[in-house]
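Contents: one structure, followed by commentary.
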Amino acid sequence: MNTQSISIDLPGRNYDIAIGTALFDNVLSYAQLPSAAHVLIVTNSTVAPLYAKRLEQALSVRYAAVHTVVLPDGEEYKTWQTLNLIFDALLKNGCDRKTLVFALGGGVVGDMAGFAAASYMRGVPFVQVPTTLLAQVDSSVGGKTGINHPLGKNMIGAFYQPLKVVCDLDTLKTLPARELSAGLAEVIKYGPIADLDFLQWIEENIDALLAREPLALAHAVRRSCEIKAWVVAQDERESGLRAILNFGHTFGHAIEAGLGYGEWLHGEAVGCGMVLAMALSHRLGLVDAAYVQRVTALIEKAGLPVLAPCLSTTDNPARYLELMQIDKKAQDGEIRFVVIDGAARAYVRAAPVALVREVIDACCLRL
Ligand code: NAD
Ligand code: GLY
């Protein structure tokens with residue numbers, strides 16, 4: 001398969017996303033990167049035995065000192081304590097400010113390694129080597145980095161762009177099926193917010209994607225990254241347009257926090273969150289019921305939950321509303337949602353509380 005390259009156009013900080021096979025352990029993938037005395041590979045206890053040695057070997061061809069730090073695996077470890085393990089490794093190995101940090105893993109590793117790179121010695125360069133579908137189509141691209149706080153997801157962080165993103169589709173062969181489905185949630189997201197042709201393509205190719213057919217995966221990753229690159233180039237720091245990438249995330253983050261991080265996967269919460277966001281869009285008169293049904297069916301076919309969990313036995317909508325107050329899109333205490341119309345346009349807006357309560361009641365599992 002030919003390697004494809006997508007450029008993220010940001011003034012003075014352009015970078016490329018390489019998409020293909022046999023990339024992550026090929027030293028040529030890193031040929032354009034600056035020289036450095038040290039590199040630090042940040043990975044986790046699941047990904048390290050699969051891929052760390054091969055990346056270490058490839059980087060050893062160019063770099064004198066290749067260090068690796070292995071973090072515990074899981075969203076529940078996306079914390080200050082885990083972040084400190086990265087700083088410990090940088091300091092103990094005498095890493096200077098030219099050190100290149102490599103994030104080898106999914107979105108959790110990528111977000112933490114990126115945040116560590118943003119803050120170590122006030123910023124060292126970093127490279128994303130995403131190994132989950134979700135990270136390849138979303139989290140490794142665009143420079144959002146950070147950690148969770150017990151009171152809210154991704155609440156502590158920085159915008160910090162990588163020097164390069166290397167999406168090696170071969171790494172997806174070892175991904176558990178549940179994680180593949182979670183990644184498909186973020187792929188599906190790009191259809192309703194930006195591209196109806198892509199939505200139709202996903203519908204036509206969902207079986208091929210679930211079967212991990214390389215050409216289908218390559219197209220899904222490429223088109224997703226193109227859309228994300230287009231959005232990020234216009235609004236890197238989310239002063240407006242970029243918020244559309246959070247379609248499904250306001251409800252989704254409430255589900256993740258309400259159940260406890262790690263109970264549902266981020267992509268599962270986003271998939272289900274999109275169902276609620278579409279139900280809200282419908283109640284606001286933006287989309288018809290048939291369209292909501294169509295996209296919900298696709299989310300379900302991708303292996304994702306479409307019924308939201310009950311988060312409280314007393315007043316479930318109130319619990320959702322409480323959790324959603326902490327969302328970063330909230331302004332002056334008002335929760336704002338990404339809603340869509342039927343023409344692949346997305347908007348960020350507040351909604352009457354009574355309507356939101358109705359949506360939650362209609363879309364949640366009853367206890
Ligand atoms: P993850 O990083 O937890 O990875 C999922 C699981 O797959 C983990 O157990 C991981 O160890 C394992 N894994 C990774 N690669 C593997 C491989 N090739 N083979 C086998 N197992 C593998 O989860 P994720 O879905 O990749 O990312 C979710 C995180 O990304 C969340 O924390 C979310 O907030 C964040 N996120 C960030 C952005 C952003 O713009 N920065 C966007 C979306 C999501
Ligand atoms: N995943 C949302 C964003 O990058 O803005």
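Residue names in the structure tokens use chain letters A, B, ... in the order shown, residue numbers from 1 in each chain, and ligand numbers from 1 in the order shown.
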
Produce a table with one row for each residue of segment 238-272 of chain A that has an atom at most 12 Å from any atom of segment 76-84 of chain A, each row naming the nearest atom pair and its distance in Å at one decimal; use only C-alpha atoms; arrange rows by chain and rising residue number; format as CSV.
residue,atom,partner,partner_atom,distance
A:Glu256,CA,A:Glu76,CA,10.6
A:Ala257,CA,A:Glu76,CA,10.5
A:Leu259,CA,A:Glu76,CA,11.8
A:Gly260,CA,A:Glu76,CA,8.3
A:Tyr261,CA,A:Glu76,CA,5.5
A:Gly262,CA,A:Glu76,CA,6.0
A:Glu263,CA,A:Glu76,CA,9.3
A:Trp264,CA,A:Glu76,CA,11.3
A:Leu265,CA,A:Glu76,CA,10.9
A:His266,CA,A:Glu76,CA,11.5

Legend entry - Surrounding residues as a PyMOL selection string, ligand 1, max 8 Å, only C-alpha atoms and all ligand atoms: chain A and resi 44-47+50+73-75+78+105-111+130-135+138-148+153-154+171-176+179+182-183+186+265-267

Dump as a short mmCIF file (atom, residue, chain, number, x, y, z; two decimals), in the first residue's frame, selection limited to N, CA and C atoms:
data_model
loop_
_atom_site.label_atom_id
_atom_site.label_comp_id
_atom_site.auth_asym_id
_atom_site.auth_seq_id
_atom_site.Cartn_x
_atom_site.Cartn_y
_atom_site.Cartn_z
N ASN A 44 2.56 2.18 27.02
CA ASN A 44 1.92 1.60 28.22
C ASN A 44 2.16 0.10 28.28
N SER A 45 1.64 -0.51 29.35
CA SER A 45 1.99 -1.90 29.63
C SER A 45 1.36 -2.88 28.64
N THR A 46 0.37 -2.44 27.87
CA THR A 46 -0.21 -3.31 26.84
C THR A 46 0.54 -3.17 25.51
N VAL A 47 0.85 -1.94 25.17
CA VAL A 47 1.45 -1.66 23.85
C VAL A 47 2.95 -1.99 23.86
N LEU A 50 4.09 -5.32 22.62
CA LEU A 50 3.75 -5.53 21.20
C LEU A 50 4.70 -4.76 20.27
N ASP A 73 -1.81 0.97 32.04
CA ASP A 73 -2.78 1.10 30.95
C ASP A 73 -4.17 1.45 31.49
N GLY A 74 -4.78 2.47 30.93
CA GLY A 74 -6.19 2.73 31.27
C GLY A 74 -6.50 4.20 31.45
N GLU A 75 -7.74 4.54 31.09
CA GLU A 75 -8.21 5.93 31.22
C GLU A 75 -8.10 6.40 32.67
N LYS A 78 -5.03 8.38 33.57
CA LYS A 78 -4.71 9.63 32.85
C LYS A 78 -4.71 10.76 33.89
N GLY A 105 1.06 4.58 21.32
CA GLY A 105 -0.10 4.00 21.98
C GLY A 105 -1.38 4.67 21.52
N GLY A 106 -2.42 4.50 22.32
CA GLY A 106 -3.71 5.09 21.99
C GLY A 106 -3.80 6.53 22.48
N GLY A 107 -5.04 7.01 22.56
CA GLY A 107 -5.26 8.41 22.92
C GLY A 107 -4.82 8.76 24.32
N VAL A 108 -4.88 7.81 25.24
CA VAL A 108 -4.47 8.12 26.61
C VAL A 108 -2.97 8.40 26.66
N VAL A 109 -2.20 7.52 26.06
CA VAL A 109 -0.74 7.73 25.99
C VAL A 109 -0.43 9.01 25.22
N GLY A 110 -1.11 9.21 24.08
CA GLY A 110 -0.84 10.39 23.24
C GLY A 110 -1.14 11.69 23.97
N ASP A 111 -2.27 11.73 24.66
CA ASP A 111 -2.64 12.97 25.38
C ASP A 111 -1.65 13.25 26.51
N PRO A 130 0.28 6.80 16.79
CA PRO A 130 -0.97 6.27 17.35
C PRO A 130 -1.19 4.81 16.94
N THR A 131 -1.63 3.99 17.90
CA THR A 131 -1.80 2.56 17.62
C THR A 131 -3.25 2.09 17.80
N THR A 132 -4.17 3.02 18.08
CA THR A 132 -5.59 2.65 18.07
C THR A 132 -6.25 3.40 16.92
N LEU A 133 -7.39 2.87 16.47
CA LEU A 133 -8.11 3.57 15.40
C LEU A 133 -8.53 4.95 15.89
N LEU A 134 -9.00 5.02 17.13
CA LEU A 134 -9.44 6.32 17.66
C LEU A 134 -8.31 7.34 17.63
N ALA A 135 -7.13 6.90 18.03
CA ALA A 135 -6.01 7.83 18.06
C ALA A 135 -5.59 8.21 16.63
N ASP A 138 -8.32 10.72 15.28
CA ASP A 138 -8.74 11.88 16.06
C ASP A 138 -7.67 12.38 17.02
N SER A 139 -7.37 11.61 18.08
CA SER A 139 -6.64 12.22 19.20
C SER A 139 -5.19 12.59 18.88
N SER A 140 -4.56 11.90 17.92
CA SER A 140 -3.15 12.20 17.65
C SER A 140 -2.98 13.45 16.79
N VAL A 141 -4.09 13.91 16.24
CA VAL A 141 -4.06 15.02 15.29
C VAL A 141 -4.66 16.27 15.92
N GLY A 142 -4.00 17.39 15.82
CA GLY A 142 -4.66 18.63 16.22
C GLY A 142 -4.15 19.25 17.49
N GLY A 143 -3.31 18.53 18.26
CA GLY A 143 -2.59 19.20 19.33
C GLY A 143 -3.31 19.35 20.66
N LYS A 144 -4.44 18.70 20.85
CA LYS A 144 -5.01 18.75 22.20
C LYS A 144 -4.31 17.71 23.06
N THR A 145 -3.77 18.15 24.18
CA THR A 145 -3.08 17.22 25.08
C THR A 145 -3.60 17.45 26.49
N GLY A 146 -3.46 16.47 27.36
CA GLY A 146 -3.90 16.73 28.73
C GLY A 146 -4.20 15.48 29.52
N ILE A 147 -4.73 15.75 30.71
CA ILE A 147 -5.08 14.67 31.65
C ILE A 147 -6.47 14.95 32.23
N ASN A 148 -7.01 13.95 32.91
CA ASN A 148 -8.31 14.12 33.56
C ASN A 148 -8.14 14.66 34.98
N LYS A 153 -13.34 15.49 32.76
CA LYS A 153 -12.43 14.85 31.82
C LYS A 153 -11.63 15.88 31.02
N ASN A 154 -10.36 15.58 30.81
CA ASN A 154 -9.47 16.43 29.99
C ASN A 154 -9.48 17.89 30.45
N THR A 171 -0.63 -1.73 13.00
CA THR A 171 -0.79 -1.84 14.46
C THR A 171 -2.24 -2.13 14.84
N LEU A 172 -3.15 -1.85 13.91
CA LEU A 172 -4.57 -2.07 14.26
C LEU A 172 -4.93 -3.56 14.26
N LYS A 173 -4.01 -4.39 13.74
CA LYS A 173 -4.30 -5.85 13.69
C LYS A 173 -4.44 -6.43 15.09
N THR A 174 -3.74 -5.84 16.06
CA THR A 174 -3.77 -6.42 17.42
C THR A 174 -4.80 -5.74 18.33
N LEU A 175 -5.52 -4.79 17.77
CA LEU A 175 -6.47 -4.03 18.59
C LEU A 175 -7.69 -4.89 18.94
N PRO A 176 -8.10 -4.94 20.21
CA PRO A 176 -9.31 -5.69 20.55
C PRO A 176 -10.53 -5.13 19.79
N GLU A 179 -12.23 -2.05 21.05
CA GLU A 179 -11.50 -0.81 20.82
C GLU A 179 -11.66 -0.35 19.36
N ALA A 182 -14.86 1.37 19.21
CA ALA A 182 -14.76 2.69 19.84
C ALA A 182 -14.15 3.70 18.86
N GLY A 183 -13.16 3.26 18.10
CA GLY A 183 -12.56 4.15 17.10
C GLY A 183 -13.54 4.49 15.99
N GLU A 186 -15.62 7.67 16.37
CA GLU A 186 -15.04 8.97 15.96
C GLU A 186 -14.99 9.07 14.42
N LEU A 265 -15.74 2.75 27.27
CA LEU A 265 -14.63 3.35 26.54
C LEU A 265 -15.06 4.73 26.05
N HIS A 266 -14.06 5.60 25.85
CA HIS A 266 -14.37 6.95 25.37
C HIS A 266 -15.21 6.89 24.08
N GLY A 267 -14.79 6.05 23.15
CA GLY A 267 -15.51 5.96 21.87
C GLY A 267 -16.94 5.44 22.04
#

Legend entry - Best match for closeness to Leu365 of chain A among A:Asn316, A:Leu210, A:Val70, A:Ser29, counting only C-alpha atoms: A:Asn316

Inset, instruction - Enumerate as a PyMOL selection string all residues of segment 94-193 of chain A assigned to alpha helix (DSSP H) by DSSP on the backbone, naming them with the chain letters and numbers the document uses. - result: chain A and resi 107-119+133-134+177-193

Given the selection you just returned, output its residues as a file containing N, CA and C atoms, formatted as a compact mmCIF listing (two decimals), in the first residue's frame.
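And here's again03.txt as it stands now:
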# COMPACT_ATOMS: atom_id res chain seq x y z
N GLY A 107 -5.04 7.01 22.56
CA GLY A 107 -5.26 8.41 22.92
C GLY A 107 -4.82 8.76 24.32
N VAL A 108 -4.88 7.81 25.24
CA VAL A 108 -4.47 8.12 26.61
C VAL A 108 -2.97 8.40 26.66
N VAL A 109 -2.20 7.52 26.06
CA VAL A 109 -0.74 7.73 25.99
C VAL A 109 -0.43 9.01 25.22
N GLY A 110 -1.11 9.21 24.08
CA GLY A 110 -0.84 10.39 23.24
C GLY A 110 -1.14 11.69 23.97
N ASP A 111 -2.27 11.73 24.66
CA ASP A 111 -2.64 12.97 25.38
C ASP A 111 -1.65 13.25 26.51
N MET A 112 -1.23 12.19 27.22
CA MET A 112 -0.32 12.41 28.35
C MET A 112 1.10 12.73 27.88
N ALA A 113 1.58 12.00 26.88
CA ALA A 113 2.93 12.26 26.36
C ALA A 113 3.00 13.67 25.77
N GLY A 114 1.93 14.07 25.08
CA GLY A 114 1.88 15.41 24.49
C GLY A 114 1.91 16.49 25.57
N PHE A 115 1.16 16.27 26.64
CA PHE A 115 1.12 17.27 27.72
C PHE A 115 2.48 17.33 28.43
N ALA A 116 3.10 16.15 28.62
CA ALA A 116 4.43 16.14 29.23
C ALA A 116 5.42 16.90 28.33
N ALA A 117 5.33 16.66 27.01
CA ALA A 117 6.24 17.35 26.09
C ALA A 117 5.97 18.86 26.11
N ALA A 118 4.70 19.24 26.24
CA ALA A 118 4.36 20.68 26.25
C ALA A 118 4.96 21.37 27.46
N SER A 119 5.11 20.64 28.56
CA SER A 119 5.52 21.33 29.79
C SER A 119 6.95 21.02 30.25
N LEU A 133 -7.39 2.87 16.47
CA LEU A 133 -8.11 3.57 15.40
C LEU A 133 -8.53 4.95 15.89
N LEU A 134 -9.00 5.02 17.13
CA LEU A 134 -9.44 6.32 17.66
C LEU A 134 -8.31 7.34 17.63
N ALA A 177 -11.48 -6.03 19.48
CA ALA A 177 -12.65 -5.63 18.68
C ALA A 177 -13.40 -4.46 19.33
N ARG A 178 -13.50 -4.48 20.65
CA ARG A 178 -14.24 -3.41 21.33
C ARG A 178 -13.57 -2.05 21.10
N GLU A 179 -12.23 -2.05 21.05
CA GLU A 179 -11.50 -0.81 20.82
C GLU A 179 -11.66 -0.35 19.36
N LEU A 180 -11.73 -1.32 18.44
CA LEU A 180 -11.94 -0.96 17.04
C LEU A 180 -13.29 -0.24 16.90
N SER A 181 -14.31 -0.80 17.55
CA SER A 181 -15.64 -0.18 17.50
C SER A 181 -15.59 1.23 18.10
N ALA A 182 -14.86 1.37 19.21
CA ALA A 182 -14.76 2.69 19.84
C ALA A 182 -14.15 3.70 18.86
N GLY A 183 -13.16 3.26 18.10
CA GLY A 183 -12.56 4.15 17.10
C GLY A 183 -13.54 4.49 15.99
N LEU A 184 -14.39 3.52 15.65
CA LEU A 184 -15.36 3.78 14.58
C LEU A 184 -16.35 4.89 14.97
N ALA A 185 -16.58 5.05 16.27
CA ALA A 185 -17.47 6.14 16.71
C ALA A 185 -16.93 7.48 16.21
N GLU A 186 -15.62 7.67 16.37
CA GLU A 186 -15.04 8.97 15.96
C GLU A 186 -14.99 9.07 14.42
N VAL A 187 -14.87 7.93 13.74
CA VAL A 187 -14.92 7.96 12.27
C VAL A 187 -16.33 8.38 11.83
N ILE A 188 -17.34 7.74 12.41
CA ILE A 188 -18.73 8.05 12.03
C ILE A 188 -19.03 9.52 12.30
N LYS A 189 -18.50 10.05 13.40
CA LYS A 189 -18.72 11.45 13.78
C LYS A 189 -18.51 12.42 12.61
N TYR A 190 -17.47 12.16 11.80
CA TYR A 190 -17.14 13.11 10.74
C TYR A 190 -18.22 13.20 9.65
N GLY A 191 -19.03 12.15 9.50
CA GLY A 191 -20.08 12.19 8.49
C GLY A 191 -21.13 13.25 8.81
N PRO A 192 -21.88 13.09 9.91
CA PRO A 192 -22.95 14.06 10.20
C PRO A 192 -22.48 15.50 10.40
N ILE A 193 -21.22 15.69 10.82
CA ILE A 193 -20.79 17.08 11.05
C ILE A 193 -20.18 17.72 9.80

Near segment 213-230 of chain A, 7 Å: segment 6-34 of chain A residue rows, closest pairs, only C-alpha atoms, as JSON lines:
{"residue": "A:Ile6", "atom": "CA", "partner": "A:Glu226", "partner_atom": "CA", "distance": 6.7}
{"residue": "A:Ile8", "atom": "CA", "partner": "A:Ala229", "partner_atom": "CA", "distance": 5.3}
{"residue": "A:Gly20", "atom": "CA", "partner": "A:Ala218", "partner_atom": "CA", "distance": 6.9}

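Counting only C-alpha atoms and comparing A:Gly94, A:Pro162, A:Gly252, A:Gly285, the residue that lies closest to Leu307 of chain A is A:Gly252.
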